[in-house]
>>> print(open('final-v6.txt').read())   # compact mmCIF, C-alpha atoms and all ligand atoms
# COMPACT_ATOMS: atom_id res chain seq x y z
CA MET A 13 70.63 -35.36 -85.29
CA LYS A 14 73.59 -35.27 -82.99
CA ASP A 15 75.12 -32.11 -84.43
CA THR A 16 72.07 -29.94 -83.77
CA ARG A 17 71.73 -31.07 -80.18
CA ASP A 18 73.06 -29.30 -77.16
CA PHE A 19 75.22 -31.36 -74.87
CA LEU A 20 73.07 -33.23 -72.35
CA PRO A 21 74.82 -32.92 -69.02
CA PHE A 22 75.03 -35.76 -66.54
CA ALA A 23 73.31 -33.55 -63.92
CA LEU A 24 71.65 -30.13 -63.94
CA PRO A 25 70.29 -28.00 -61.10
CA ASP A 26 66.58 -27.08 -61.28
CA ILE A 27 66.58 -23.34 -60.56
CA GLN A 28 63.45 -21.36 -61.38
CA ASP A 29 62.33 -17.76 -61.04
CA GLU A 30 61.24 -18.32 -57.43
CA GLU A 31 64.79 -19.19 -56.36
CA ILE A 32 66.15 -16.21 -58.30
CA ASN A 33 63.59 -13.86 -56.76
CA ALA A 34 64.26 -15.22 -53.28
CA VAL A 35 67.98 -14.47 -53.67
CA VAL A 36 67.27 -10.98 -54.98
CA GLU A 37 65.03 -10.34 -51.98
CA VAL A 38 67.82 -11.36 -49.60
CA LEU A 39 70.34 -9.21 -51.48
CA LYS A 40 68.04 -6.20 -51.17
CA SER A 41 67.32 -6.87 -47.49
CA GLY A 42 70.73 -5.71 -46.29
CA TRP A 43 71.43 -8.99 -44.41
CA ILE A 44 73.28 -11.39 -46.68
CA THR A 45 75.19 -13.67 -44.31
CA THR A 46 73.63 -16.18 -41.85
CA GLY A 47 70.35 -14.71 -40.58
CA ILE A 48 66.59 -15.21 -40.58
CA LYS A 49 66.51 -17.08 -43.90
CA THR A 50 68.98 -19.63 -42.58
CA LYS A 51 66.96 -20.03 -39.39
CA GLU A 52 63.84 -20.55 -41.48
CA PHE A 53 65.61 -23.10 -43.68
CA GLU A 54 66.77 -25.01 -40.58
CA THR A 55 63.26 -25.00 -39.11
CA LEU A 56 61.70 -26.19 -42.36
CA PHE A 57 64.35 -28.84 -42.80
CA ALA A 58 63.84 -30.24 -39.31
CA GLU A 59 60.10 -30.28 -39.97
CA PHE A 60 60.61 -31.97 -43.32
CA ILE A 61 62.60 -34.81 -41.78
CA GLU A 62 60.43 -35.16 -38.70
CA ASN A 63 57.19 -35.20 -40.64
CA ASN A 64 58.47 -38.18 -42.55
CA ASP A 65 56.35 -37.96 -45.67
CA ASN A 66 54.84 -34.54 -45.50
CA ARG A 67 54.54 -34.02 -49.23
CA ASP A 68 52.88 -30.63 -49.26
CA LEU A 69 55.16 -28.66 -47.06
CA SER A 70 54.35 -24.97 -46.99
CA ALA A 71 56.25 -22.11 -45.46
CA ASN A 72 53.46 -21.26 -43.03
CA ASN A 73 53.23 -24.76 -41.73
CA TYR A 74 55.66 -24.52 -38.80
CA ILE A 75 55.73 -27.02 -36.02
CA LYS A 76 57.08 -25.70 -32.75
CA ASN A 77 59.35 -27.65 -30.40
CA HIS A 78 61.21 -29.89 -32.79
CA LYS A 79 62.74 -32.95 -31.36
CA ILE A 80 65.07 -32.76 -34.33
CA GLU A 81 67.57 -29.97 -34.71
CA ALA A 82 68.94 -28.95 -38.07
CA ILE A 83 72.17 -26.98 -38.40
CA ALA A 84 72.86 -25.37 -41.78
CA VAL A 85 76.45 -25.42 -43.01
CA ASN A 86 78.28 -24.36 -46.15
CA SER A 87 78.83 -27.95 -47.38
CA ALA A 88 78.29 -31.57 -46.41
CA THR A 89 82.06 -31.77 -46.03
CA SER A 90 81.86 -29.09 -43.31
CA GLY A 91 78.86 -30.90 -41.83
CA LEU A 92 80.69 -34.22 -41.63
CA HIS A 93 83.67 -32.51 -40.00
CA LEU A 94 81.47 -30.82 -37.40
CA ALA A 95 79.39 -33.93 -36.71
CA LEU A 96 82.46 -36.13 -36.24
CA GLU A 97 84.03 -33.53 -33.94
CA ALA A 98 80.84 -33.18 -31.91
CA CYS A 99 80.68 -36.97 -31.58
CA GLY A 100 84.12 -36.90 -29.95
CA VAL A 101 86.16 -38.36 -32.80
CA GLY A 102 89.77 -37.30 -32.23
CA ARG A 103 93.43 -38.16 -32.62
CA ASP A 104 94.26 -41.82 -33.40
CA ASP A 105 90.62 -42.90 -33.29
CA GLU A 106 89.31 -45.18 -36.02
CA VAL A 107 86.13 -44.57 -38.00
CA ILE A 108 84.63 -47.30 -40.16
CA THR A 109 83.25 -46.27 -43.53
CA THR A 110 82.85 -47.56 -47.08
CA THR A 111 85.47 -47.52 -49.84
CA LEU A 112 82.72 -46.57 -52.32
CA THR A 113 82.19 -42.92 -51.49
CA PHE A 114 83.42 -39.44 -52.27
CA THR A 115 86.74 -38.58 -50.67
CA ALA A 116 85.02 -36.00 -48.40
CA THR A 117 83.65 -38.85 -46.26
CA ALA A 118 87.18 -40.01 -45.44
CA GLU A 119 89.08 -36.72 -45.46
CA THR A 120 86.90 -35.22 -42.71
CA ILE A 121 87.91 -38.13 -40.46
CA CYS A 122 91.55 -37.21 -41.12
CA TYR A 123 90.90 -33.52 -40.31
CA LEU A 124 90.49 -34.70 -36.70
CA GLY A 125 93.64 -36.82 -36.65
CA ALA A 126 91.57 -40.00 -36.81
CA HIS A 127 91.81 -42.81 -39.38
CA PRO A 128 89.18 -44.01 -41.86
CA ILE A 129 88.89 -47.80 -41.90
CA PHE A 130 87.36 -48.86 -45.20
CA VAL A 131 85.04 -51.81 -45.73
CA ASP A 132 84.08 -53.34 -49.06
CA ILE A 133 80.59 -52.96 -50.52
CA ASP A 134 77.64 -55.26 -50.87
CA LYS A 135 77.43 -56.29 -54.54
CA GLU A 136 73.72 -55.60 -54.88
CA THR A 137 73.10 -52.46 -52.85
CA LEU A 138 76.55 -50.86 -53.38
CA ASN A 139 76.31 -49.81 -49.73
CA MET A 140 78.90 -50.83 -47.13
CA ASP A 141 78.90 -54.58 -46.50
CA ILE A 142 77.40 -54.77 -43.03
CA ASN A 143 78.85 -58.25 -42.51
CA GLN A 144 82.36 -56.79 -42.67
CA ILE A 145 81.87 -54.10 -40.04
CA GLU A 146 82.42 -56.17 -36.90
CA GLN A 147 85.72 -57.65 -38.05
CA LYS A 148 87.09 -54.11 -38.50
CA ILE A 149 86.21 -52.98 -34.98
CA THR A 150 89.17 -52.48 -32.61
CA PRO A 151 89.52 -50.79 -29.19
CA LYS A 152 90.29 -47.57 -31.16
CA THR A 153 87.05 -47.61 -33.14
CA LYS A 154 84.89 -44.63 -32.33
CA ALA A 155 82.26 -44.35 -35.03
CA ILE A 156 80.65 -45.77 -38.17
CA VAL A 157 79.90 -43.54 -41.18
CA PRO A 158 77.50 -45.29 -43.58
CA VAL A 159 76.80 -43.73 -46.99
CA HIS A 160 73.42 -44.21 -48.68
CA MET A 161 74.94 -44.83 -52.08
CA ALA A 162 73.02 -43.22 -54.98
CA GLY A 163 70.08 -42.77 -52.59
CA LEU A 164 69.39 -46.43 -51.75
CA PRO A 165 69.11 -46.49 -47.95
CA CYS A 166 71.54 -48.55 -45.88
CA ASP A 167 70.04 -50.98 -43.39
CA MET A 168 70.22 -48.52 -40.51
CA GLU A 169 68.66 -50.90 -37.99
CA GLN A 170 71.49 -53.36 -38.46
CA ILE A 171 74.19 -50.68 -38.41
CA ILE A 172 72.81 -49.09 -35.26
CA LYS A 173 72.55 -52.49 -33.60
CA ILE A 174 76.27 -53.11 -34.20
CA ALA A 175 77.12 -49.58 -33.05
CA ARG A 176 75.18 -50.07 -29.80
CA LYS A 177 76.90 -53.37 -29.11
CA TYR A 178 80.35 -51.74 -29.29
CA ASN A 179 79.37 -48.30 -28.01
CA LEU A 180 80.13 -46.54 -31.28
CA LYS A 181 78.67 -43.34 -32.71
CA VAL A 182 76.86 -43.35 -36.06
CA ILE A 183 77.12 -40.41 -38.44
CA GLU A 184 75.20 -40.94 -41.68
CA ASP A 185 76.61 -39.46 -44.86
CA ALA A 186 73.21 -38.70 -46.38
CA ALA A 187 74.59 -36.60 -49.27
CA HIS A 188 72.56 -38.75 -51.70
CA ALA A 189 69.59 -39.48 -49.47
CA LEU A 190 67.05 -36.66 -49.66
CA PRO A 191 64.47 -38.06 -49.65
CA SER A 192 65.26 -41.72 -49.00
CA MET A 193 63.11 -43.93 -46.84
CA LEU A 194 63.47 -47.32 -45.18
CA ASN A 195 60.52 -49.19 -43.60
CA ASN A 196 58.38 -46.04 -43.60
CA THR A 197 61.12 -44.09 -41.87
CA LEU A 198 62.74 -41.25 -43.74
CA ILE A 199 66.54 -41.21 -43.64
CA GLY A 200 67.24 -38.68 -40.89
CA ASN A 201 64.79 -40.27 -38.48
CA HIS A 202 66.80 -43.31 -37.49
CA ASP A 203 68.59 -43.44 -34.19
CA SER A 204 71.96 -42.20 -35.45
CA ASP A 205 73.92 -39.50 -33.64
CA ALA A 206 73.97 -37.20 -36.67
CA ILE A 207 72.88 -37.23 -40.31
CA VAL A 208 74.56 -34.98 -42.88
CA TYR A 209 73.01 -33.82 -46.17
CA SER A 210 74.60 -32.08 -49.16
CA PHE A 211 73.15 -29.28 -51.28
CA TYR A 212 76.00 -29.32 -53.79
CA ALA A 213 75.00 -28.33 -57.35
CA THR A 214 74.41 -31.91 -58.54
CA LYS A 215 72.50 -33.18 -55.50
CA THR A 216 68.71 -33.79 -55.28
CA ILE A 217 68.13 -30.30 -53.89
CA THR A 218 70.77 -27.60 -54.13
CA THR A 219 71.86 -24.26 -52.72
CA GLY A 220 74.90 -24.08 -55.04
CA GLU A 221 77.08 -25.13 -52.14
CA GLY A 222 75.59 -26.07 -48.79
CA GLY A 223 74.75 -28.78 -46.33
CA MET A 224 72.69 -29.63 -43.26
CA ILE A 225 73.39 -31.55 -40.07
CA VAL A 226 70.41 -33.19 -38.40
CA THR A 227 70.52 -34.57 -34.86
CA ARG A 228 68.25 -35.36 -31.93
CA ASN A 229 71.09 -34.95 -29.46
CA LYS A 230 71.10 -31.44 -27.93
CA GLU A 231 74.77 -31.58 -26.95
CA ILE A 232 75.82 -32.55 -30.47
CA ALA A 233 73.58 -29.81 -31.91
CA ASN A 234 75.05 -27.18 -29.59
CA ARG A 235 78.61 -28.22 -30.28
CA CYS A 236 78.01 -28.13 -34.05
CA ARG A 237 76.45 -24.66 -33.77
CA ILE A 238 79.38 -23.32 -31.78
CA MET A 239 82.08 -24.89 -33.97
CA ARG A 240 80.27 -23.83 -37.15
CA LEU A 241 81.12 -20.20 -36.38
CA HIS A 242 84.58 -19.72 -34.85
CA GLY A 243 83.81 -21.46 -31.55
CA ILE A 244 81.61 -18.52 -30.60
CA ASN A 245 78.86 -19.58 -28.24
CA LYS A 246 76.07 -17.81 -30.15
CA ASP A 247 75.03 -17.51 -33.76
CA ALA A 248 75.88 -14.18 -35.36
CA PHE A 249 72.19 -13.61 -35.85
CA ASP A 250 71.36 -14.12 -32.16
CA ARG A 251 74.26 -11.91 -31.28
CA TYR A 252 72.71 -9.00 -33.13
CA THR A 253 69.13 -9.50 -32.02
CA SER A 254 69.41 -10.72 -28.42
CA ASN A 255 69.08 -8.48 -25.34
CA LYS A 256 72.75 -8.89 -24.46
CA PRO A 257 74.97 -5.99 -25.49
CA SER A 258 75.49 -6.47 -29.22
CA TRP A 259 79.26 -6.27 -28.90
CA TYR A 260 79.53 -9.13 -26.39
CA TYR A 261 80.47 -12.69 -27.35
CA GLU A 262 82.49 -15.54 -25.93
CA VAL A 263 84.99 -17.74 -27.74
CA VAL A 264 84.91 -21.19 -26.15
CA ALA A 265 86.87 -23.24 -28.72
CA PRO A 266 89.03 -22.77 -31.85
CA GLY A 267 86.12 -23.26 -34.25
CA PHE A 268 85.60 -23.16 -38.00
CA LYS A 269 83.94 -20.88 -40.56
CA TYR A 270 81.25 -23.20 -41.88
CA ASN A 271 78.05 -21.11 -41.73
CA LEU A 272 75.60 -20.91 -44.65
CA THR A 273 74.63 -17.55 -46.19
CA ASP A 274 71.04 -16.31 -46.34
CA MET A 275 71.27 -16.22 -50.14
CA ALA A 276 71.97 -19.94 -50.17
CA SER A 277 69.30 -20.61 -47.53
CA ALA A 278 66.71 -18.68 -49.56
CA ILE A 279 67.41 -21.04 -52.47
CA GLY A 280 67.25 -24.00 -50.08
CA ILE A 281 63.81 -23.02 -48.79
CA CYS A 282 62.42 -22.99 -52.35
CA GLN A 283 64.14 -26.26 -53.22
CA LEU A 284 63.05 -28.09 -50.08
CA LYS A 285 59.39 -27.33 -50.82
CA LYS A 286 59.85 -29.05 -54.19
CA ALA A 287 61.82 -32.02 -52.85
CA TYR A 288 58.99 -34.51 -53.38
CA ALA A 289 58.05 -33.04 -56.75
CA PHE A 290 61.70 -33.40 -57.78
CA TYR A 291 61.70 -36.93 -56.38
CA ASN A 292 58.59 -37.88 -58.37
CA ARG A 293 60.23 -36.74 -61.60
CA ARG A 294 63.44 -38.62 -60.78
CA LEU A 295 61.40 -41.74 -60.05
CA GLU A 296 59.65 -41.40 -63.42
CA ILE A 297 62.99 -41.15 -65.22
CA ALA A 298 64.39 -44.13 -63.29
CA GLN A 299 61.31 -46.24 -64.07
CA ARG A 300 61.63 -45.48 -67.76
CA TYR A 301 65.31 -46.46 -67.73
CA PHE A 302 64.38 -49.75 -66.03
CA GLU A 303 61.76 -50.44 -68.67
CA GLU A 304 63.83 -49.47 -71.71
CA LEU A 305 67.23 -50.85 -70.74
CA LYS A 306 66.16 -54.17 -69.27
CA ASN A 307 66.96 -56.24 -72.36
CA LEU A 308 70.48 -54.93 -72.80
CA PRO A 309 73.59 -56.60 -71.31
CA ILE A 310 73.55 -54.05 -68.54
CA LEU A 311 73.17 -54.61 -64.80
CA LEU A 312 70.56 -52.12 -63.63
CA PRO A 313 70.69 -50.60 -60.16
CA LYS A 314 68.99 -52.28 -57.23
CA ASP A 315 65.62 -50.74 -56.50
CA VAL A 316 63.93 -50.58 -53.10
CA VAL A 317 62.31 -53.78 -51.84
CA ASN A 318 58.93 -52.33 -50.93
CA PRO A 319 57.83 -49.25 -52.90
CA ASN A 320 55.10 -48.54 -50.35
CA ALA A 321 57.49 -48.29 -47.44
CA ASP A 322 60.85 -47.47 -48.98
CA ILE A 323 62.16 -44.62 -51.14
CA HIS A 324 65.23 -44.62 -53.35
CA SER A 325 65.99 -40.92 -53.92
CA TRP A 326 67.42 -41.70 -57.38
CA HIS A 327 70.14 -39.12 -56.89
CA LEU A 328 72.16 -41.33 -59.24
CA PHE A 329 71.20 -43.97 -61.79
CA ILE A 330 74.23 -46.25 -62.00
CA ILE A 331 74.40 -48.96 -64.62
CA GLN A 332 77.04 -51.68 -64.76
CA LEU A 333 78.14 -52.83 -68.20
CA GLN A 334 78.40 -56.57 -68.49
CA THR A 335 81.09 -58.69 -70.11
CA HIS A 336 82.69 -57.80 -73.45
CA THR A 337 81.91 -54.11 -73.21
CA ASN A 338 84.45 -51.53 -72.33
CA ARG A 339 83.22 -48.97 -69.85
CA ASP A 340 85.67 -46.30 -71.00
CA GLU A 341 84.59 -46.76 -74.63
CA PHE A 342 80.98 -46.49 -73.57
CA ILE A 343 81.68 -43.17 -71.82
CA LYS A 344 83.52 -41.89 -74.90
CA TYR A 345 80.70 -43.01 -77.19
CA MET A 346 78.13 -41.22 -75.04
CA SER A 347 80.27 -38.10 -74.94
CA ASP A 348 80.80 -38.19 -78.74
CA ASN A 349 77.02 -38.22 -78.95
CA LYS A 350 76.78 -35.23 -76.62
CA ILE A 351 75.68 -37.08 -73.50
CA GLY A 352 77.44 -36.53 -70.21
CA THR A 353 78.08 -39.43 -67.85
CA SER A 354 80.11 -39.85 -64.70
CA VAL A 355 81.58 -42.56 -62.47
CA HIS A 356 80.54 -42.80 -58.83
CA PHE A 357 82.97 -43.37 -57.48
CA ILE A 358 86.55 -44.36 -58.06
CA PRO A 359 86.71 -46.39 -54.81
CA LEU A 360 88.90 -44.76 -52.19
CA HIS A 361 91.12 -47.84 -51.84
CA MET A 362 92.17 -47.16 -55.47
CA GLN A 363 92.95 -43.47 -54.93
CA PRO A 364 96.70 -42.76 -54.58
CA TYR A 365 96.52 -41.01 -51.23
CA TRP A 366 94.29 -43.52 -49.41
CA LYS A 367 95.90 -46.52 -51.08
CA ASN A 368 99.43 -45.47 -50.12
CA ARG A 369 98.62 -44.04 -46.72
CA TYR A 370 96.92 -47.22 -45.52
CA HIS A 371 98.57 -49.80 -47.83
CA LEU A 372 95.21 -50.82 -49.28
CA LYS A 373 95.02 -53.68 -51.79
CA ASN A 374 92.43 -54.33 -54.47
CA GLU A 375 92.12 -57.97 -53.37
CA ASP A 376 90.81 -56.80 -50.01
CA TYR A 377 88.08 -54.82 -51.78
CA LYS A 378 87.11 -57.29 -54.49
CA THR A 379 83.49 -56.22 -54.89
CA ALA A 380 84.16 -52.48 -55.13
CA THR A 381 87.12 -53.09 -57.48
CA ALA A 382 85.00 -55.20 -59.84
CA TYR A 383 82.12 -52.75 -59.63
CA TYR A 384 84.39 -49.85 -60.54
CA GLN A 385 85.55 -51.47 -63.83
CA GLN A 386 82.00 -51.50 -65.20
CA ALA A 387 80.10 -48.67 -63.51
CA VAL A 388 78.67 -45.61 -65.27
CA SER A 389 76.22 -43.02 -63.95
CA ILE A 390 73.85 -41.96 -66.72
CA PRO A 391 71.99 -38.63 -66.70
CA ILE A 392 69.11 -38.22 -64.25
CA TYR A 393 67.78 -34.78 -63.37
CA THR A 394 64.38 -33.14 -63.13
CA LYS A 395 64.82 -30.77 -66.08
CA MET A 396 65.45 -33.67 -68.47
CA THR A 397 62.63 -33.83 -71.04
CA ASN A 398 61.09 -37.09 -72.27
CA ASP A 399 62.70 -36.35 -75.62
CA ASP A 400 66.10 -35.98 -73.93
CA GLN A 401 65.62 -39.33 -72.25
CA SER A 402 64.54 -41.01 -75.50
CA TYR A 403 67.73 -39.73 -77.09
CA ILE A 404 69.83 -41.10 -74.20
CA ILE A 405 68.09 -44.50 -74.34
CA ASN A 406 68.46 -44.72 -78.13
CA THR A 407 72.10 -43.78 -77.91
CA ILE A 408 72.75 -46.51 -75.33
CA LYS A 409 70.92 -49.03 -77.52
CA SER A 410 72.92 -47.95 -80.57
CA PHE A 411 76.16 -48.57 -78.67
CA TYR A 412 75.14 -52.21 -78.46
CA THR A 413 73.68 -52.61 -81.95
CA LEU A 414 76.88 -51.17 -83.39
CA GLY A 415 78.66 -53.95 -81.54
CA LEU A 416 81.22 -51.65 -79.97
C1 LIG B 1 78.71 -34.74 -52.58
C2 LIG B 1 79.16 -35.67 -51.50
C3 LIG B 1 79.77 -35.22 -50.32
C4 LIG B 1 80.24 -33.80 -50.15
O1 LIG B 1 79.24 -32.87 -50.26
P1 LIG B 1 79.65 -31.32 -50.33
O2 LIG B 1 78.36 -30.64 -50.00
O3 LIG B 1 80.10 -31.06 -51.74
O4 LIG B 1 80.70 -31.07 -49.33
C5 LIG B 1 80.02 -36.11 -49.31
N1 LIG B 1 79.73 -37.42 -49.45
C6 LIG B 1 79.18 -37.91 -50.57
C7 LIG B 1 78.86 -39.37 -50.64
C8 LIG B 1 78.89 -37.06 -51.64
O5 LIG B 1 78.38 -37.55 -52.77
>>> encode(input="final-v6.txt", output="structure tokens")
Amino acid sequence: MKDTRDFLPFALPDIQDEEINAVVEVLKSGWITTGIKTKEFETLFAEFIENNDNRDLSANNYIKNHKIEAIAVNSATSGLHLALEACGVGRDDEVITTTLTFTATAETICYLGAHPIFVDIDKETLNMDINQIEQKITPKTKAIVPVHMAGLPCDMEQIIKIARKYNLKVIEDAAHALPSMLNNTLIGNHDSDAIVYSFYATKTITTGEGGMIVTRNKEIANRCRIMRLHGINKDAFDRYTSNKPSWYYEVVAPGFKYNLTDMASAIGICQLKKAYAFYNRRLEIAQRYFEELKNLPILLPKDVVNPNADIHSWHLFIIQLQTHTNRDEFIKYMSDNKIGTSVHFIPLHMQPYWKNRYHLKNEDYKTATAYYQQAVSIPIYTKMTNDDQSYIINTIKSFYTLGL
């Protein structure tokens, strides 16, 4: 059986003819950088977040006067950088985040000359341990960057309460959290200063590379827009369509080159419309894993508390192997059987740069260290067939019956 199978990847983008046609249309239009498609994507994205659970979003269904502003960027990494900058994070400031995240969360803090201060995770949610935030706050602390790990929402009410008490900014790394919901409130609608999404190839919706900043704060939105494109005080698109002379622009800061192309935005528009359809398929796959793997010596991921009011995006399905099984052998066994897996993440306190730069010790991050030894992300993506999933489940079961 295994020899005739194609390799089942750990993640796979869901690109259909409509995305392909949308890109071709942009290519033929003559405008291939940031333009009307990106504006449309931003408008739809703001609407998507604001409308909370609008599950039949259509392109003609615009809402004027958004309270939310969405700023498209070429990656979540760029988005985090811009959001932190716009929130005033600068040299020697401290920003509290989790050790269990992708290095982009921390590196963007360093771009600004500030320092990431890592907290350990909560054993059940894998999100930052909220009880450890306050003890890390110093007079230099400027912001908190929570990460909704795997798509399970952080307790934003608690985090924002702490931030208010100490006058800190909150920038959510929502790379995994589209759509995630907490107490009937979609991630993106809490009272944070900025929320940053990723459209990287493996994320719940994709534009190949891309990201989005969402904020209700006009000053933050304006600053992100300006810094996104060379510190120029107008978008390139406005520049070429406004009544001002087309050659005129003003540079007001040494900005960055973080804008999203219209090809990418055209893909994003198609993907966003399918976000809940994608979510429903991910949920189905997650539910089947819960059902089929529950009797194995595996710790399954924490689900949301109230399925009527909360959403886990199921960007990742992370299992933790229990005693007497070797995680690395499990990964090799899966790979030998043509199944891709991954590890999310090697905690940052264990990565050479962060560990050495800040003298971080495993004993100060006991929960994340223990989690890392046994964690594996198994495949979850919309294009997976039921037969694919049966094969994955049977392969996992065979790992245990073989007593490896
Ligand atoms: C993917 C990811 C990012 C970076 O996203 P890019 O769009 O690739 O820059 C940031 N944070 C987390 C937690 C991620 O998983």
>>> residues_near_ligand(input="final-v6.txt", ligand="ligand LIG 1 (chain B)", cutoff="9 Å", atoms="all atoms listed in the file", output="PDB file with C-alpha atoms, keeping the file's coordinate frame")
ATOM      1  CA  VAL A  85      76.450 -25.420 -43.010  1.00  0.00           C
ATOM      2  CA  ASN A  86      78.280 -24.360 -46.150  1.00  0.00           C
ATOM      3  CA  SER A  87      78.830 -27.950 -47.380  1.00  0.00           C
ATOM      4  CA  ALA A  88      78.290 -31.570 -46.410  1.00  0.00           C
ATOM      5  CA  THR A  89      82.060 -31.770 -46.030  1.00  0.00           C
ATOM      6  CA  SER A  90      81.860 -29.090 -43.310  1.00  0.00           C
ATOM      7  CA  GLY A  91      78.860 -30.900 -41.830  1.00  0.00           C
ATOM      8  CA  LEU A  92      80.690 -34.220 -41.630  1.00  0.00           C
ATOM      9  CA  LEU A 112      82.720 -46.570 -52.320  1.00  0.00           C
ATOM     10  CA  THR A 113      82.190 -42.920 -51.490  1.00  0.00           C
ATOM     11  CA  PHE A 114      83.420 -39.440 -52.270  1.00  0.00           C
ATOM     12  CA  THR A 115      86.740 -38.580 -50.670  1.00  0.00           C
ATOM     13  CA  ALA A 116      85.020 -36.000 -48.400  1.00  0.00           C
ATOM     14  CA  THR A 117      83.650 -38.850 -46.260  1.00  0.00           C
ATOM     15  CA  ALA A 118      87.180 -40.010 -45.440  1.00  0.00           C
ATOM     16  CA  VAL A 159      76.800 -43.730 -46.990  1.00  0.00           C
ATOM     17  CA  HIS A 160      73.420 -44.210 -48.680  1.00  0.00           C
ATOM     18  CA  MET A 161      74.940 -44.830 -52.080  1.00  0.00           C
ATOM     19  CA  ALA A 162      73.020 -43.220 -54.980  1.00  0.00           C
ATOM     20  CA  ASP A 185      76.610 -39.460 -44.860  1.00  0.00           C
ATOM     21  CA  ALA A 186      73.210 -38.700 -46.380  1.00  0.00           C
ATOM     22  CA  ALA A 187      74.590 -36.600 -49.270  1.00  0.00           C
ATOM     23  CA  HIS A 188      72.560 -38.750 -51.700  1.00  0.00           C
ATOM     24  CA  VAL A 208      74.560 -34.980 -42.880  1.00  0.00           C
ATOM     25  CA  TYR A 209      73.010 -33.820 -46.170  1.00  0.00           C
ATOM     26  CA  SER A 210      74.600 -32.080 -49.160  1.00  0.00           C
ATOM     27  CA  PHE A 211      73.150 -29.280 -51.280  1.00  0.00           C
ATOM     28  CA  TYR A 212      76.000 -29.320 -53.790  1.00  0.00           C
ATOM     29  CA  ALA A 213      75.000 -28.330 -57.350  1.00  0.00           C
ATOM     30  CA  THR A 214      74.410 -31.910 -58.540  1.00  0.00           C
ATOM     31  CA  LYS A 215      72.500 -33.180 -55.500  1.00  0.00           C
ATOM     32  CA  GLY A 220      74.900 -24.080 -55.040  1.00  0.00           C
ATOM     33  CA  GLU A 221      77.080 -25.130 -52.140  1.00  0.00           C
ATOM     34  CA  GLY A 222      75.590 -26.070 -48.790  1.00  0.00           C
ATOM     35  CA  GLY A 223      74.750 -28.780 -46.330  1.00  0.00           C
ATOM     36  CA  MET A 224      72.690 -29.630 -43.260  1.00  0.00           C
ATOM     37  CA  HIS A 356      80.540 -42.800 -58.830  1.00  0.00           C
ATOM     38  CA  PHE A 357      82.970 -43.370 -57.480  1.00  0.00           C
TER      39      PHE A 357
END
>>> closest_residue(input="final-v6.txt", among="A:Arg103, A:Gln363, A:Ala155, A:Asn139", to="Tyr383 of chain A", atoms="only C-alpha atoms")
A:Asn139
>>> residues_around(input="final-v6.txt", residues="segment 36-40 of chain A", least_positions_apart="6", cutoff="9 Å", atoms="all atoms listed in the file", output="ChimeraX atom specification")
/A:49,274-275,278
>>> write_last_selection(input="final-v6.txt", atoms="C-alpha atoms", output="PDB file, keeping the file's coordinate frame")
ATOM      1  CA  LYS A  49      66.510 -17.080 -43.900  1.00  0.00           C
ATOM      2  CA  ASP A 274      71.040 -16.310 -46.340  1.00  0.00           C
ATOM      3  CA  MET A 275      71.270 -16.220 -50.140  1.00  0.00           C
ATOM      4  CA  ALA A 278      66.710 -18.680 -49.560  1.00  0.00           C
TER       5      ALA A 278
END
>>> closest_residue(input="final-v6.txt", among="A:Leu308, A:Ile408, A:Ala380, A:Ala84", to="Leu138 of chain A", atoms="only C-alpha atoms")
A:Ala380
>>> residues_around(input="final-v6.txt", residues="Lys395 of chain A", least_positions_apart="5", cutoff="10 Å", atoms="only C-alpha atoms", output="count of residues only")
9
>>> atom_distance(input="final-v6.txt", atom1="atom CA of Val264 of chain A", atom2="atom CA of Glu81 of chain A")
21.2 Å
>>> closest_residue(input="final-v6.txt", among="A:Ser389, A:Ser410, A:Thr111, A:Asn368", to="Leu333 of chain A", atoms="all atoms listed in the file")
A:Ser389
>>> atom_distance(input="final-v6.txt", atom1="atom CA of Gly352 of chain A", atom2="atom CA of Asp322 of chain A")
29.1 Å
>>> atom_distance(input="final-v6.txt", atom1="atom CA of Ser204 of chain A", atom2="atom CA of Leu124 of chain A")
20.0 Å
>>> residues_around(input="final-v6.txt", residues="Ser325 of chain A", least_positions_apart="2", cutoff="10 Å", atoms="only C-alpha atoms", output="VMD selection string")
chain A and resid 160 to 165 188 to 193 216 287 to 288 290 to 292 294 to 295 316 322 to 323 327 to 329
>>> closest_residue(input="final-v6.txt", among="A:Glu136, A:Thr335, A:Asn179, A:Asn406", to="Asp315 of chain A", atoms="all atoms listed in the file")
A:Glu136
>>> residues_near_point(input="final-v6.txt", point="(65.5, -24.5, -39.3)", cutoff="10 Å", atoms="only C-alpha atoms", output="ChimeraX atom specification")
/A:48-60,74,78,80-84,224,277,281
>>> residues_near_point(input="final-v6.txt", point="(88.9, -48.8, -39.7)", cutoff="9 Å", atoms="only C-alpha atoms", output="VMD selection string")
chain A and resid 105 to 109 127 to 131 145 148 to 150 152 to 153 156
>>> closest_residue(input="final-v6.txt", among="A:Lys306, A:Lys378, A:Lys79, A:Arg369", to="Cys122 of chain A", atoms="only C-alpha atoms")
A:Arg369
>>> residues_around(input="final-v6.txt", residues="Glu31 of chain A", least_positions_apart="2", cutoff="8 Å", atoms="only C-alpha atoms", output="number ranges by chain")
A: 27-29, 33-35, 278-279, 282-283
>>> closest_residue(input="final-v6.txt", among="A:His93, A:Arg300, A:His202, A:Arg17", to="Cys166 of chain A", atoms="all atoms listed in the file")
A:His202
>>> closest_atom_pairs(input="final-v6.txt", of="segment 251-291 of chain A", to="segment 227-237 of chain A", cutoff="10 Å", atoms="all atoms listed in the file", output="tab-separated table")
residue	atom	partner	partner_atom	distance
A:Ala265	CA	A:Arg235	CA	9.8
A:Gly267	CA	A:Cys236	CA	9.5
A:Phe268	CA	A:Cys236	CA	9.9
A:Tyr270	CA	A:Arg237	CA	9.5
A:Asn271	CA	A:Arg237	CA	8.9
